[in-house]
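**Q** Sharing query_24.cif (mmCIF, C-alpha atoms) below.
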```cif
data_coords
#
loop_
_atom_site.label_atom_id
_atom_site.label_comp_id
_atom_site.auth_asym_id
_atom_site.auth_seq_id
_atom_site.Cartn_x
_atom_site.Cartn_y
_atom_site.Cartn_z
CA MET S 100 -13.54 -2.44 -10.72
CA LEU S 101 -11.07 -0.48 -8.61
CA THR S 102 -12.90 0.68 -5.48
CA LYS S 103 -12.69 3.88 -3.45
CA ARG S 104 -10.73 3.48 -0.24
CA ILE S 105 -11.86 4.40 3.27
CA ILE S 106 -8.83 5.05 5.46
CA PRO S 107 -8.90 5.55 9.22
CA CYS S 108 -5.94 7.60 10.38
CA LEU S 109 -4.18 7.08 13.68
CA ASP S 110 -2.32 10.16 14.86
CA ILE S 111 0.15 8.85 17.40
CA LYS S 112 1.85 10.79 20.15
CA ASP S 113 3.89 9.03 22.83
CA GLY S 114 2.45 5.64 21.84
CA GLN S 115 -1.19 6.73 22.08
CA THR S 116 -3.73 7.65 19.44
CA VAL S 117 -4.62 11.31 19.53
CA LYS S 118 -6.73 13.64 17.49
CA GLY S 119 -6.81 17.38 17.67
CA VAL S 120 -9.10 20.04 16.32
CA ASN S 121 -7.35 22.21 13.74
CA PHE S 122 -4.06 20.65 14.87
CA ILE S 123 -4.29 21.98 18.44
CA ASN S 124 -6.01 20.87 21.67
CA ILE S 125 -4.86 17.31 21.11
CA LYS S 126 -6.54 14.64 23.24
CA SER S 127 -5.99 10.91 23.47
CA VAL S 128 -8.46 8.32 22.17
CA GLY S 129 -6.81 5.03 23.03
CA ASP S 130 -4.57 2.12 22.25
CA PRO S 131 -3.47 2.27 18.61
CA VAL S 132 -2.95 -1.50 18.23
CA GLU S 133 -6.52 -2.27 19.32
CA LEU S 134 -7.96 0.51 17.18
CA ALA S 135 -5.98 -0.65 14.14
CA TYR S 136 -7.16 -4.23 14.55
CA LYS S 137 -10.77 -3.15 14.99
CA TYR S 138 -10.64 -1.09 11.79
CA ALA S 139 -9.08 -3.92 9.77
CA GLN S 140 -11.80 -6.32 10.98
CA GLU S 141 -14.52 -3.82 10.15
CA GLY S 142 -13.43 -3.50 6.53
CA ALA S 143 -11.20 -0.44 6.48
CA ASP S 144 -9.27 -0.48 3.19
CA GLU S 145 -6.00 0.81 4.59
CA LEU S 146 -4.57 2.37 7.71
CA VAL S 147 -2.50 5.49 7.95
CA PHE S 148 -0.39 6.00 11.02
CA LEU S 149 1.16 9.41 11.62
CA ASP S 150 3.65 9.84 14.42
CA ILE S 151 3.43 13.38 15.71
CA SER S 152 5.85 12.95 18.61
CA ALA S 153 8.22 15.86 18.63
CA THR S 154 11.44 14.41 19.99
CA GLU S 155 13.89 11.69 19.09
CA GLU S 156 13.45 10.17 22.54
CA ARG S 157 9.74 9.63 22.00
CA ARG S 158 10.35 8.45 18.47
CA ARG S 159 12.21 5.43 19.82
CA THR S 160 8.84 3.97 20.78
CA LEU S 161 7.68 4.26 17.18
CA LEU S 162 9.30 1.25 15.50
CA PRO S 163 8.09 -1.34 18.04
CA LEU S 164 4.59 0.11 17.76
CA VAL S 165 4.67 -0.03 13.93
CA ARG S 166 5.74 -3.63 14.24
CA LYS S 167 2.96 -4.54 16.69
CA ILE S 168 0.30 -3.02 14.44
CA ALA S 169 1.74 -4.66 11.29
CA GLN S 170 1.67 -8.05 13.01
CA ARG S 171 -2.03 -7.69 13.81
CA ILE S 172 -3.52 -6.24 10.64
CA ASP S 173 -3.92 -7.74 7.17
CA ILE S 174 -4.58 -4.55 5.22
CA PRO S 175 -2.15 -1.99 3.79
CA PHE S 176 -0.36 0.13 6.32
CA THR S 177 1.12 3.57 5.65
CA VAL S 178 3.39 5.17 8.22
CA GLY S 179 4.49 8.79 8.37
CA GLY S 180 5.71 11.48 10.69
CA GLY S 181 9.31 12.60 10.81
CA VAL S 182 10.50 10.43 7.92
CA ALA S 183 13.66 12.23 6.85
CA SER S 184 15.96 9.78 5.06
CA VAL S 185 16.15 6.62 2.96
CA ALA S 186 17.40 4.87 6.11
CA ASP S 187 14.23 5.90 7.99
CA VAL S 188 12.14 4.40 5.22
CA GLU S 189 14.08 1.16 5.25
CA GLN S 190 13.61 0.83 9.03
CA LEU S 191 9.87 1.40 8.77
CA LEU S 192 9.49 -1.13 5.95
CA ARG S 193 11.58 -3.61 7.92
CA ASN S 194 9.07 -3.27 10.74
CA GLY S 195 6.07 -3.95 8.56
CA ALA S 196 5.02 -0.63 7.00
CA ASP S 197 3.91 -0.99 3.37
CA LYS S 198 4.18 2.64 2.37
CA ILE S 199 5.65 5.70 3.95
CA ALA S 200 4.29 9.23 4.03
CA ILE S 201 6.76 12.09 3.81
CA ASN S 202 5.96 15.71 4.48
CA SER S 203 8.35 18.32 5.93
CA ALA S 204 11.55 16.53 4.93
CA ALA S 205 10.45 16.44 1.29
CA ILE S 206 9.86 20.19 1.30
CA LYS S 207 13.33 20.83 2.73
CA ASN S 208 14.94 18.27 0.40
CA PRO S 209 12.78 17.36 -2.62
CA GLN S 210 15.49 14.98 -3.89
CA LEU S 211 14.51 12.67 -1.02
CA ILE S 212 11.30 11.78 -2.89
CA THR S 213 13.34 10.60 -5.86
CA ASP S 214 15.84 8.73 -3.70
CA ILE S 215 13.10 6.78 -1.91
CA ALA S 216 11.18 6.09 -5.13
CA LYS S 217 14.33 4.80 -6.84
CA GLN S 218 15.06 2.31 -4.12
CA PHE S 219 11.60 1.21 -3.05
CA GLY S 220 9.37 2.28 -5.95
CA SER S 221 6.96 5.19 -6.35
CA GLN S 222 4.11 3.11 -4.97
CA CYS S 223 5.89 3.25 -1.62
CA VAL S 224 6.04 7.05 -1.47
CA VAL S 225 3.00 8.98 -0.28
CA LEU S 226 3.50 12.74 -0.28
CA ALA S 227 1.58 14.16 2.67
CA VAL S 228 0.86 17.83 2.30
CA ASP S 229 -0.87 20.16 4.77
CA ALA S 230 -2.15 23.41 3.34
CA LYS S 231 -4.53 26.25 4.06
CA LEU S 232 -5.79 29.35 2.34
CA VAL S 233 -3.67 32.41 3.00
CA ASP S 234 -4.87 35.56 1.24
CA GLY S 235 -6.79 33.47 -1.27
CA GLN S 236 -3.89 31.12 -2.06
CA TRP S 237 -3.39 27.54 -0.88
CA LYS S 238 -0.07 27.63 1.00
CA VAL S 239 1.79 24.53 2.13
CA HIS S 240 2.58 24.37 5.87
CA LEU S 241 5.39 22.56 7.67
CA MET S 242 5.76 20.74 10.99
CA GLY S 243 2.24 19.44 11.40
CA GLY S 244 0.82 22.69 10.13
CA LYS S 245 2.66 25.04 12.47
CA THR S 246 4.97 26.76 10.00
CA PRO S 247 3.81 28.42 6.77
CA THR S 248 5.96 28.20 3.64
CA ALA S 249 5.98 30.17 0.40
CA LEU S 250 5.06 27.04 -1.56
CA ASN S 251 1.76 26.89 -3.43
CA LEU S 252 -0.13 23.65 -2.91
CA HIS S 253 -0.80 23.00 -6.58
CA ASP S 254 2.80 23.67 -7.68
CA TRP S 255 4.22 21.46 -4.94
CA VAL S 256 1.91 18.54 -5.78
CA VAL S 257 2.87 18.68 -9.46
CA GLU S 258 6.57 18.85 -8.61
CA ALA S 259 6.38 16.01 -6.09
CA VAL S 260 4.74 13.71 -8.64
CA LYS S 261 7.46 14.58 -11.16
CA LEU S 262 10.05 13.69 -8.52
CA GLY S 263 8.47 10.28 -7.95
CA ALA S 264 5.66 10.52 -5.40
CA GLY S 265 3.18 7.72 -6.07
CA GLU S 266 0.25 9.09 -4.09
CA ILE S 267 -0.83 12.41 -2.61
CA LEU S 268 -2.39 12.74 0.84
CA PHE S 269 -3.78 16.26 0.99
CA THR S 270 -5.00 17.62 4.31
CA SER S 271 -6.88 20.88 4.20
CA MET S 272 -6.04 22.60 7.47
CA ASP S 273 -9.03 24.85 6.95
CA HIS S 274 -11.31 21.81 7.01
CA ASP S 275 -9.46 19.52 9.42
CA GLY S 276 -11.36 19.05 12.66
CA THR S 277 -14.33 21.14 11.54
CA LYS S 278 -16.54 18.18 10.53
CA ALA S 279 -18.06 20.43 7.87
CA GLY S 280 -17.06 18.41 4.78
CA PHE S 281 -13.97 17.91 2.60
CA ALA S 282 -12.23 20.57 0.48
CA VAL S 283 -14.10 19.23 -2.55
CA GLU S 284 -13.28 21.95 -5.07
CA THR S 285 -9.56 22.00 -4.33
CA LEU S 286 -9.34 18.19 -4.29
CA GLU S 287 -10.89 18.02 -7.75
CA GLU S 288 -8.38 20.61 -8.99
CA LEU S 289 -5.55 18.37 -7.74
CA CYS S 290 -7.12 15.34 -9.48
CA GLN S 291 -7.07 17.26 -12.75
CA LEU S 292 -3.42 18.25 -12.27
CA VAL S 293 -1.76 14.88 -11.66
CA ASN S 294 -2.47 11.26 -12.54
CA VAL S 295 -1.46 9.58 -9.29
CA PRO S 296 -4.05 8.62 -6.65
CA ILE S 297 -5.25 11.40 -4.33
CA ILE S 298 -6.28 10.79 -0.72
CA ALA S 299 -8.64 13.42 0.72
CA SER S 300 -8.17 14.41 4.34
CA GLY S 301 -9.73 16.97 6.62
CA GLY S 302 -13.35 17.81 7.29
CA ALA S 303 -15.21 14.49 7.40
CA GLY S 304 -18.17 14.83 9.75
CA ASN S 305 -20.85 12.51 8.41
CA LYS S 306 -21.60 9.91 5.71
CA GLU S 307 -22.95 12.53 3.33
CA HIS S 308 -19.58 14.28 3.25
CA PHE S 309 -17.96 11.12 1.84
CA LEU S 310 -20.69 10.73 -0.77
CA ASP S 311 -20.31 14.37 -1.77
CA LEU S 312 -16.55 13.84 -2.08
CA PHE S 313 -16.77 10.71 -4.26
CA GLN S 314 -19.61 12.04 -6.41
CA ASN S 315 -17.96 15.37 -7.12
CA THR S 316 -14.27 14.57 -7.39
CA ALA S 317 -12.07 11.85 -8.85
CA VAL S 318 -10.26 11.25 -5.56
CA ASP S 319 -9.36 7.65 -4.82
CA ALA S 320 -9.60 7.58 -1.08
CA ALA S 321 -10.91 9.43 1.93
CA LEU S 322 -9.09 9.61 5.22
CA ALA S 323 -10.62 10.48 8.57
CA ALA S 324 -9.81 10.06 12.24
CA SER S 325 -12.14 11.31 14.93
CA ILE S 326 -15.44 10.24 13.38
CA PHE S 327 -14.11 6.67 13.37
CA HIS S 328 -12.32 6.86 16.72
CA TYR S 329 -15.42 8.11 18.51
CA ASN S 330 -17.64 5.72 16.54
CA GLU S 331 -19.72 8.60 15.22
CA VAL S 332 -19.64 7.02 11.75
CA PRO S 333 -18.66 3.34 12.00
CA VAL S 334 -16.69 2.06 8.98
CA PRO S 335 -19.23 -0.68 8.02
CA GLU S 336 -22.12 1.76 8.14
CA LEU S 337 -20.26 4.29 6.00
CA LYS S 338 -19.30 1.68 3.40
CA GLY S 339 -22.83 0.30 3.26
CA TYR S 340 -24.20 3.79 2.70
CA LEU S 341 -21.72 4.59 -0.09
CA LYS S 342 -22.43 1.27 -1.80
CA GLU S 343 -26.19 1.91 -1.69
CA ASN S 344 -25.44 5.18 -3.41
CA ASN S 345 -23.56 3.47 -6.23
CA ILE S 346 -20.02 4.32 -5.19
CA ALA S 347 -17.56 1.50 -5.99
CA ILE S 348 -16.77 0.19 -2.51
CA ARG S 349 -15.31 -3.01 -1.12
CA THR S 350 -17.43 -4.65 1.54
CA VAL S 351 -16.39 -7.53 3.78
CA MET W 125 7.28 -27.61 6.86
CA LYS W 126 9.94 -25.16 5.82
CA ILE W 127 8.94 -21.91 4.16
CA ALA W 128 11.59 -19.58 2.76
CA ILE W 129 10.88 -15.94 1.97
CA ILE W 130 13.53 -14.60 -0.37
CA ASP W 131 15.07 -11.44 1.04
CA TYR W 132 16.99 -9.52 -1.58
CA GLY W 133 16.67 -6.00 -0.22
CA ALA W 134 13.87 -5.04 -2.58
CA GLY W 135 10.80 -4.27 -0.62
CA ASN W 136 8.59 -5.61 1.95
CA VAL W 137 9.36 -9.09 3.25
CA GLN W 138 8.09 -8.24 6.71
CA SER W 139 4.42 -8.06 5.74
CA VAL W 140 4.68 -11.47 4.09
CA LEU W 141 6.33 -12.96 7.17
CA PHE W 142 3.65 -11.51 9.45
CA ALA W 143 0.89 -12.93 7.23
CA ILE W 144 2.43 -16.40 7.40
CA GLU W 145 2.81 -16.11 11.16
CA ARG W 146 -0.86 -15.11 11.48
CA LEU W 147 -1.68 -18.43 9.78
CA GLY W 148 0.28 -20.22 12.51
CA TYR W 149 3.34 -21.12 10.42
CA SER W 150 6.88 -19.87 10.66
CA ALA W 151 9.21 -18.92 7.83
CA VAL W 152 12.83 -18.05 7.28
CA VAL W 153 13.61 -14.73 5.64
CA THR W 154 16.80 -15.38 3.73
CA ALA W 155 19.08 -14.78 0.77
CA ASP W 156 20.99 -17.99 1.46
CA LYS W 157 20.99 -20.37 -1.54
CA GLU W 158 20.90 -23.57 0.52
CA GLU W 159 18.06 -22.33 2.71
CA ILE W 160 16.04 -21.48 -0.40
CA ILE W 161 16.81 -24.68 -2.29
CA THR W 162 15.94 -26.91 0.67
CA ALA W 163 12.67 -25.15 1.56
CA ASP W 164 9.33 -26.89 0.94
CA TYR W 165 7.79 -23.64 -0.22
CA VAL W 166 9.46 -20.52 -1.53
CA ILE W 167 7.86 -17.08 -1.49
CA PHE W 168 9.42 -14.48 -3.75
CA PRO W 169 8.06 -11.06 -2.77
CA GLY W 170 9.09 -7.71 -4.11
CA VAL W 171 8.16 -4.10 -4.05
CA GLY W 172 10.16 -1.59 -5.98
CA GLU W 173 11.82 -1.04 -9.28
CA ALA W 174 12.47 -3.99 -11.63
CA SER W 175 16.03 -3.28 -12.82
CA PHE W 176 17.19 -2.43 -9.28
CA ALA W 177 15.66 -5.68 -8.01
CA MET W 178 17.21 -7.81 -10.80
CA ARG W 179 20.64 -6.33 -10.11
CA LYS W 180 20.18 -7.25 -6.45
CA LEU W 181 19.22 -10.82 -7.33
CA GLU W 182 22.19 -11.12 -9.68
CA SER W 183 24.63 -9.79 -7.10
CA LEU W 184 23.35 -12.38 -4.62
CA GLY W 185 23.64 -15.16 -7.22
CA LEU W 186 19.93 -15.95 -6.90
CA VAL W 187 18.72 -15.77 -10.51
CA SER W 188 19.72 -19.30 -11.47
CA VAL W 189 18.74 -20.58 -8.00
CA ILE W 190 15.18 -19.35 -8.45
CA LYS W 191 15.02 -20.53 -12.04
CA ASN W 192 15.88 -24.10 -11.03
CA LEU W 193 13.59 -24.45 -8.01
CA LYS W 194 11.38 -27.55 -8.09
CA GLN W 195 9.14 -26.86 -5.07
CA PRO W 196 6.11 -24.53 -5.21
CA VAL W 197 7.26 -20.93 -5.71
CA LEU W 198 4.96 -17.93 -5.22
CA GLY W 199 6.04 -14.64 -6.75
CA ILE W 200 4.17 -11.66 -5.31
CA CYS W 201 3.77 -8.30 -7.10
CA LEU W 202 7.24 -7.42 -8.44
CA GLY W 203 8.22 -11.03 -7.69
CA MET W 204 5.61 -12.20 -10.20
CA GLN W 205 6.82 -9.68 -12.76
CA LEU W 206 10.45 -10.76 -12.35
CA LEU W 207 9.44 -14.36 -13.11
CA CYS W 208 8.57 -13.11 -16.61
CA ALA W 209 11.05 -12.78 -19.47
CA PHE W 210 11.07 -9.00 -19.79
CA SER W 211 9.77 -5.84 -18.15
CA GLU W 212 9.33 -2.43 -19.73
CA GLU W 213 10.33 -1.03 -16.33
CA GLY W 214 13.96 -0.09 -16.87
CA ASP W 215 13.98 -2.39 -19.97
CA THR W 216 14.82 -5.26 -17.67
CA ALA W 217 15.45 -8.90 -18.58
CA GLY W 218 13.69 -11.04 -15.97
CA ILE W 219 14.23 -14.57 -14.70
CA GLY W 220 12.23 -15.90 -17.62
CA ILE W 221 10.05 -18.70 -16.23
CA PHE W 222 7.13 -17.20 -18.12
CA ASP W 223 7.72 -16.08 -21.69
CA LEU W 224 5.81 -12.86 -21.04
CA LYS W 225 6.47 -9.16 -21.34
CA VAL W 226 5.50 -6.87 -18.46
CA GLN W 227 4.01 -3.60 -19.71
CA LYS W 228 3.24 -0.17 -18.28
CA PHE W 229 -0.35 0.92 -17.73
CA SER W 230 -1.66 3.53 -20.15
CA GLU W 231 -0.95 7.16 -19.26
CA ASP W 232 -4.72 7.76 -19.48
CA LEU W 233 -5.10 5.93 -16.17
CA LYS W 234 -4.01 6.88 -12.69
CA VAL W 235 -0.67 5.16 -12.27
CA PRO W 236 0.16 3.38 -10.03
CA GLN W 237 -3.12 1.58 -9.62
CA VAL W 238 -3.57 1.63 -5.86
CA GLY W 239 -6.39 -0.09 -4.03
CA TRP W 240 -8.79 -2.99 -3.96
CA ASN W 241 -9.94 -4.49 -7.24
CA THR W 242 -11.76 -7.70 -8.10
CA ILE W 243 -10.33 -10.97 -9.44
CA THR W 244 -12.34 -13.12 -11.86
CA ASP W 245 -11.90 -16.21 -14.09
CA LEU W 246 -10.26 -18.05 -11.21
CA LYS W 247 -8.73 -21.22 -12.56
CA ASN W 248 -6.42 -22.85 -10.09
CA GLU W 249 -6.24 -24.70 -6.78
CA LEU W 250 -4.75 -21.46 -5.45
CA PHE W 251 -8.29 -20.07 -5.53
CA GLU W 252 -10.03 -23.07 -3.98
CA GLY W 253 -13.07 -21.77 -2.15
CA ILE W 254 -12.55 -18.15 -3.26
CA ALA W 255 -15.61 -16.50 -4.82
CA ALA W 256 -15.30 -14.78 -8.19
CA ASN W 257 -15.08 -11.00 -7.80
CA ALA W 258 -13.28 -11.26 -4.48
CA PHE W 259 -11.46 -8.03 -3.63
CA MET W 260 -7.67 -8.05 -3.54
CA TYR W 261 -5.24 -5.24 -2.74
CA LEU W 262 -3.07 -4.09 -5.63
CA VAL W 263 -0.42 -1.45 -6.01
CA HIS W 264 1.47 -1.40 -9.28
CA SER W 265 2.34 0.61 -12.39
CA TYR W 266 3.25 -2.32 -14.67
CA TYR W 267 1.11 -5.34 -15.52
CA VAL W 268 1.22 -8.78 -17.12
CA PRO W 269 -1.07 -8.89 -20.20
CA MET W 270 -3.60 -11.68 -20.68
CA ASN W 271 -1.87 -14.94 -21.63
CA ALA W 272 -2.23 -18.72 -21.68
CA HIS W 273 -0.82 -19.02 -18.13
CA ALA W 274 -3.39 -16.63 -16.60
CA ILE W 275 -5.35 -18.07 -13.67
CA SER W 276 -7.08 -14.85 -12.60
CA THR W 277 -8.12 -11.71 -14.42
CA THR W 278 -8.57 -8.11 -13.30
CA SER W 279 -9.67 -5.02 -15.17
CA TYR W 280 -7.96 -1.64 -15.00
CA GLY W 281 -8.26 0.12 -18.33
CA VAL W 282 -7.49 -3.29 -19.86
CA ASP W 283 -8.17 -6.86 -18.77
CA TYR W 284 -4.89 -8.28 -17.52
CA ALA W 285 -3.53 -11.29 -15.66
CA THR W 286 -3.47 -10.89 -11.87
CA ALA W 287 -2.25 -14.46 -11.39
CA ILE W 288 -0.25 -16.86 -13.55
CA GLN W 289 0.90 -20.43 -13.15
CA LYS W 290 3.31 -22.75 -14.95
CA ASP W 291 4.49 -26.04 -13.42
CA ASN W 292 5.62 -25.27 -9.85
CA PHE W 293 5.73 -21.49 -10.41
CA TYR W 294 2.86 -19.25 -9.31
CA GLY W 295 2.72 -15.49 -9.60
CA VAL W 296 0.18 -13.09 -8.13
CA GLN W 297 0.09 -9.38 -8.88
CA PHE W 298 -2.07 -8.63 -5.85
CA HIS W 299 -0.80 -8.71 -2.28
CA PRO W 300 -2.41 -11.70 -0.54
CA GLU W 301 -0.57 -10.70 2.65
CA LYS W 302 -2.49 -7.41 2.62
CA SER W 303 -5.85 -8.56 1.32
CA GLY W 304 -7.71 -9.42 4.49
CA ALA W 305 -9.20 -12.85 5.14
CA VAL W 306 -9.42 -13.73 1.42
CA GLY W 307 -5.73 -13.05 0.97
CA SER W 308 -4.84 -15.25 3.94
CA GLN W 309 -6.90 -18.04 2.42
CA ILE W 310 -4.88 -17.81 -0.82
CA ILE W 311 -1.58 -18.03 1.08
CA LYS W 312 -2.98 -21.05 2.92
CA ALA W 313 -3.99 -22.67 -0.38
CA PHE W 314 -0.47 -22.14 -1.73
CA LEU W 315 0.99 -23.80 1.36
CA ASN W 316 -1.35 -26.76 0.77
CA ILE W 317 0.00 -27.45 -2.73
CA LYS W 318 1.86 -30.74 -2.80
CA THR W 319 5.57 -30.04 -2.48
CA THR W 320 8.34 -32.06 -4.09
CA ASN W 321 10.82 -31.34 -1.29
CA ALA W 322 8.74 -32.89 1.52
#
```
Just give me the structure as structure tokens.

**A**
Amino acid sequence: MLTKRIIPCLDIKDGQTVKGVNFINIKSVGDPVELAYKYAQEGADELVFLDISATEERRRTLLPLVRKIAQRIDIPFTVGGGVASVADVEQLLRNGADKIAINSAAIKNPQLITDIAKQFGSQCVVLAVDAKLVDGQWKVHLMGGKTPTALNLHDWVVEAVKLGAGEILFTSMDHDGTKAGFAVETLEELCQLVNVPIIASGGAGNKEHFLDLFQNTAVDAALAASIFHYNEVPVPELKGYLKENNIAIRTV
Amino acid sequence: MKIAIIDYGAGNVQSVLFAIERLGYSAVVTADKEEIITADYVIFPGVGEASFAMRKLESLGLVSVIKNLKQPVLGICLGMQLLCAFSEEGDTAGIGIFDLKVQKFSEDLKVPQVGWNTITDLKNELFEGIAANAFMYLVHSYYVPMNAHAISTTSYGVDYATAIQKDNFYGVQFHPEKSGAVGSQIIKAFLNIKTTNA
């Protein structure tokens, strides 16, 4: 049976793992290579690595870091943050990424999704989308959530899948950092809309939030950062709890 | 021991190389015919689209090279699918070691299948010491139906072959290089198969 995935996320800035609250007040939580290795050993099903460095200069440190992490871990590894071309994707794959997450660049140039999928396959393309409620409508935001767009979340997800996205990583900015639970209702709406895997992100605060998510939606995976980084909910404990509650989970 | 990983510009050779290095071996990543022919073990990875990948192999003159290899060959994911005769993906003629047709998963399922699923009915030295229902990482939209060459089975809407073997050719749909300790053990078992080139 295909199992639900638990995915720790490393937000990287200047070579360090960071995690903010509602995308601001970012603080560092340590060496990404060591964290990645620890999660792989503990039974994490995948790792997502998002580079949130703003400048090209800082980005130069990205590829060697991707490579170091890929050398250490034996689980799937998704890398995103500033991916803007087929050449960027090729470089990341060459350094050991298995999948890439695209966000802002795909909004500016949707054809990019198709170009990447054609060359590397849809399974390689994760569409990352950040959205929050604005006047009762889920609006997609750019640049790590700083810039609102006119795009509706649901429309954009449907279009991206048509263009070739093989997976959707949806972060609810209204839930991110709050530790008050996932955007369950909206995630289930997305599951009904498209037939590619959906990764839920934003709002994980305790084990019960993951159970609520998997019991009440058809999402395939749950992503979280700070609760794992600060060891508030260790990965093995979370997976044991979900398994006890009859969620299909891989244990090591 | 010489291990060659075929590099034909379709997908992720780096992960495979890193997995082999974690086992303490080294490997050459190459599209060079001589390097491939003289290797003790050949790994044929692949991520991506079947017709694009076949065109790449043809342009590099590697189709007949692979077809005539005598040493153990391990096709991974798309590599396994290209060892078959035909794929519905882009209506592509494959290398044809296995007289099998690769099919697309039903539209009723989430496609691609992404994640960890179990392997059962393990039938080969490749799975020496591996428990039934071990979890392996899979990511694919097309699958090899059950057949006489199947050496492991997985269920996703249908029961299908997640590993096949014929003579010196092995194919695995899952990614052993990304499947934790169990995956590493399978790569190790492959590298323990008696090779004709040694």

**Q** Chain W near chain S within 6 Å: what's each residue's closest atom pair and its distance in Å to one decimal, counting all atoms listed in the file, ordered by chain then ascending residue number, as CSV?

**A**
```
residue,atom,partner,partner_atom,distance
W:Gln138,CA,S:Gly195,CA,5.1
W:Ser139,CA,S:Gly195,CA,5.3
W:Phe142,CA,S:Gln170,CA,5.3
W:Gly172,CA,S:Gly220,CA,3.9
W:Glu173,CA,S:Gly220,CA,5.3
W:Lys234,CA,S:Asn294,CA,4.6
W:Val235,CA,S:Val295,CA,5.4
W:Trp240,CA,S:Thr102,CA,5.7
W:Asn241,CA,S:Leu101,CA,4.4
W:Lys302,CA,S:Ile174,CA,4.4
W:Ser303,CA,S:Ile174,CA,5.7
W:Gly304,CA,S:Asp173,CA,4.9
```

**Q** Could you state which residues are captured by the PyMOL selection byres ((chain S and resi 115) around 7) in this file, as a VMD selection string?

**A** chain S and resid 111 to 114 116 to 117 127 129 to 131

**Q** Please produce an output containing C-alpha atoms for each residue in the selection, written as an mmCIF file, in the frame of the given file.

**A**
```cif
data_model
loop_
_atom_site.group_PDB
_atom_site.id
_atom_site.type_symbol
_atom_site.label_atom_id
_atom_site.label_comp_id
_atom_site.auth_asym_id
_atom_site.auth_seq_id
_atom_site.Cartn_x
_atom_site.Cartn_y
_atom_site.Cartn_z
ATOM 1 C CA ILE S 111 0.150 8.850 17.400
ATOM 2 C CA LYS S 112 1.850 10.790 20.150
ATOM 3 C CA ASP S 113 3.890 9.030 22.830
ATOM 4 C CA GLY S 114 2.450 5.640 21.840
ATOM 5 C CA THR S 116 -3.730 7.650 19.440
ATOM 6 C CA VAL S 117 -4.620 11.310 19.530
ATOM 7 C CA SER S 127 -5.990 10.910 23.470
ATOM 8 C CA GLY S 129 -6.810 5.030 23.030
ATOM 9 C CA ASP S 130 -4.570 2.120 22.250
ATOM 10 C CA PRO S 131 -3.470 2.270 18.610
#
```

**Q** Just checking: using only C-alpha atoms, which residue out of W:Gly220, W:Ser211, W:Met260, W:Pro196 ends up closest to Ile243 in chain W?

**A**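 Counting only C-alpha atoms, the residue closest to Ile243 in chain W is W:Met260.
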
**Q** Select, from S:Asn330, S:Gln190, S:Ser184, S:Asn202, the residue with the minimum atom-to-atom distance to Leu149 in chain S, counting all atoms listed in the file.

**A**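 Smallest separation from Leu149 in chain S among the options: S:Asn202.
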
**Q** For the PyMOL selection byres ((chain W and resi 163) around 9), applied here, can you spell out every residue it catches as a list in words?

**A**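 Written out, the selection comes to Met125, Lys126, Ile127, Ala128, Glu158, Glu159, Ile160, Ile161, Thr162, Asp164, Tyr165, Val166, Gln195, Asn321 and Ala322 of chain W.
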
**Q** As an exercise, work out the distance from CA of Tyr149 in chain W to CA of Ile129 in chain W in Å and give it to one decimal place.

**A**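 Spanning CA of Tyr149 in chain W to CA of Ile129 in chain W is a straight-line distance of 12.5 Å.
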
**Q** With 4 Å added on each side, what axis-aligned box encloses every listed atom of range 305-319 of chain S? Give the centre and edge lengths in Å to one decimal, as lines of an AutoDock Vina configuration file.

**A**
```
center_x = -16.2
center_y = 11.5
center_z = -0.2
size_x = 21.6
size_y = 15.7
size_z = 25.3
```

**Q** How many Å lie between CA of Val197 in chain W and CA of Val188 in chain S, rounded to one decimal?

**A**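 Computed distance, CA of Val197 in chain W to CA of Val188 in chain S, equals 28.0 Å.
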